[in-house]
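In what follows, a single structure is set out as structure tokens and then discussed.
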Amino acid sequence: MTQKPLSSPATIPQGELFQLDSPLTGEIRGERSLMAFPFFALSKNAWMKPLAYATPEVSIEVRPSARGVATIYDKEIVLYIASLMATKIDEGAGVSQDFIFTAHDLFSVTGSNHSARSYSRLADALERLQGTQIRTNIEAGGEGEEGFFSWLSEARLQYARSGKKGEKRLKAVKVRLCDWLFRAILRDRQVLDYAGTYFQLGPIERRIYEVARSTCEGEKLEIDIKTFRLQIGFQNQLSNFRAAMRQIVAENAIPDYHVDMVEEEDDAENAGKRGRKSMKAKIVIRPRAASPALGQG
């Protein structure tokens, strides 16, 4: 069968002068560093305070835009873009930092409804992703960066007019991925797939899954609860995080992983006010296939 020639721009109807990167045909995937470390606010509402994470090896500073810090829900867009890019690389196709996709496919992949409110939230999310400022010493693609960058250096909603009243209809979303993340995906190839139920999880559960997925490959992970709280990016008090972890452990709903919290008296801090005994705790995460029976170490 003779293949039809590609349409020239002159023969493409007005409003169709772009080639879509969607729909996504591969799995949802994310870059390992974005899974392991807290770059996003664990909030559905605007988070206006800066975020910071620091260890002897890794430093992260995140500054809010006028609409706040990009949230774990805004991160869905970054994961979608990373997945489009990873699929292109797998197929041997050329990749650039520019991506054009439909909001309809984004919503379908992430499980969002297709309501007018979702489209309004999309505009807000894109603004936060473009406005949030990040500085980190994590290198990407063999290169480091001084100063701040944003997740998206460009973000636009492309509309067309239709009908007698000329009503706007969203045609596509056009974004430009930041240099740092583009290099990480293209050169480092540290891209991991996500569980299909990830988008059904709450903010803390999402981060627990990401930390487990990026650091717990075939072996259990044991980590002090104070350190784990920082890596998750939980901004409230440790006592609140401990209470949240007890509930998450009881629900046992983290995909692919079993999470437990081991608590015991902390002798070094027993002499507290009013005779209260302090409890120390550690988080233990195991891949579900390797989870031991109760009572085993």
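Residue numbering restarts at 1 for every chain of the structure tokens, chains are lettered A, B, ... in their displayed order, and ligands are numbered from 1 as they appear.
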
Problem set entry | segment 52-210 of chain A: residues DSSP assigns to helix (DSSP H, G or I), reported as a PyMOL selection string | chain A and resi 75-90+103-110+116-131+179-188+198-200+203-210

For this session: Apply DSSP to the backbone of this structure and, from segment 197-244 of chain A, keep only the residues in strand (DSSP E); write these as a PyMOL selection string.
Result: chain A and resi 221-224

Generate a file of the selected residues that holds C-alpha atoms, formatted as a PDB file, in the first residue's frame.
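The resulting file, selection28.pdb, is reproduced below:
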```
ATOM      1  CA  LEU A 221      14.746  -0.404  54.087  1.00  0.00           C
ATOM      2  CA  GLU A 222      15.106   0.557  57.762  1.00  0.00           C
ATOM      3  CA  ILE A 223      15.164   4.237  58.588  1.00  0.00           C
ATOM      4  CA  ASP A 224      14.722   6.352  61.709  1.00  0.00           C
TER       5      ASP A 224
END
```

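Neighbours of segment 199-210 of chain A closer than or equal to 8 Å, with only C-alpha atoms counted and sequence neighbours fewer than 4 positions away skipped, come out as Met35, Ala36, Leu42, Ser43, Ile72, Tyr73, Thr110, Gly111, Ser214, Ile232, Phe234, Ile248, Ile254, Pro255 and Tyr257 of chain A.
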
For this session: Pick out the closest residue to Tyr198 of chain A from this set: A:Ser150, A:Gln237, A:Glu167, A:Arg213. Count only C-alpha atoms.
Result: A:Arg213

Exercise. Any idea what's packed within 8 Å of Thr87 of chain A, counting only C-alpha atoms, ignoring anything in its chain fewer than 4 positions away? Could you give it as a PyMOL selection string?
Worked result: chain A and resi 24-27+83+91

Exercise. Rounded to one decimal in Å, what is the spacing between atom CA of Ser108 of chain A and atom CA of Ala195 of chain A?
Worked result: 15.6 Å

Nearby residues (only C-alpha atoms) at most 8 Å from Lys220 of chain A, same-chain spacing under 2 positions excluded, as a PDB file with N, CA and C atoms, in the first residue's frame:
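Once written, out.pdb looks like this:
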```pdb
ATOM      1  N   CYS A 216      14.463   0.964  47.667  1.00  0.00           N
ATOM      2  CA  CYS A 216      14.250  -0.355  48.263  1.00  0.00           C
ATOM      3  C   CYS A 216      14.085  -1.390  47.159  1.00  0.00           C
ATOM      4  N   GLU A 217      15.172  -1.752  46.511  1.00  0.00           N
ATOM      5  CA  GLU A 217      15.117  -2.679  45.390  1.00  0.00           C
ATOM      6  C   GLU A 217      15.491  -4.089  45.837  1.00  0.00           C
ATOM      7  N   GLY A 218      14.485  -4.889  46.153  1.00  0.00           N
ATOM      8  CA  GLY A 218      14.717  -6.277  46.537  1.00  0.00           C
ATOM      9  C   GLY A 218      15.148  -6.483  47.959  1.00  0.00           C
ATOM     10  N   GLU A 222      15.338   0.159  56.377  1.00  0.00           N
ATOM     11  CA  GLU A 222      15.106   0.557  57.762  1.00  0.00           C
ATOM     12  C   GLU A 222      15.625   1.970  57.945  1.00  0.00           C
ATOM     13  N   VAL A 284      10.181   0.458  58.712  1.00  0.00           N
ATOM     14  CA  VAL A 284      10.718  -0.695  58.004  1.00  0.00           C
ATOM     15  C   VAL A 284       9.855  -0.927  56.761  1.00  0.00           C
ATOM     16  N   ILE A 285      10.484  -0.900  55.596  1.00  0.00           N
ATOM     17  CA  ILE A 285       9.769  -1.089  54.326  1.00  0.00           C
ATOM     18  C   ILE A 285      10.357  -2.292  53.615  1.00  0.00           C
ATOM     19  N   ARG A 286       9.477  -3.169  53.167  1.00  0.00           N
ATOM     20  CA  ARG A 286       9.898  -4.364  52.429  1.00  0.00           C
ATOM     21  C   ARG A 286       9.054  -4.508  51.163  1.00  0.00           C
ATOM     22  N   PRO A 287       9.670  -4.953  50.073  1.00  0.00           N
ATOM     23  CA  PRO A 287       8.840  -5.331  48.914  1.00  0.00           C
ATOM     24  C   PRO A 287       7.865  -6.417  49.327  1.00  0.00           C
TER      25      PRO A 287
END
```

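With only C-alpha atoms as the atoms that count, the minimum distance from Tyr119 of chain A to the choices A:Leu186, A:Leu157, A:Val191, A:Leu34 is reached by A:Leu157.
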
For this session: Excluding Arg246 of chain A and any residue of its chain fewer than 6 positions from it, enumerate the residues within 12 Å of it, using only C-alpha atoms, and give them as JSON, numbers by chain.
Result: {"A": [225, 239, 240, 252, 259, 260, 261, 262, 263, 281, 282, 283]}

Problem set entry | Neighbour list for Pro50 of chain A as a PyMOL selection string, cut-off 6 Å, only C-alpha atoms, skip fewer than 2 positions in-chain | chain A and resi 62-64
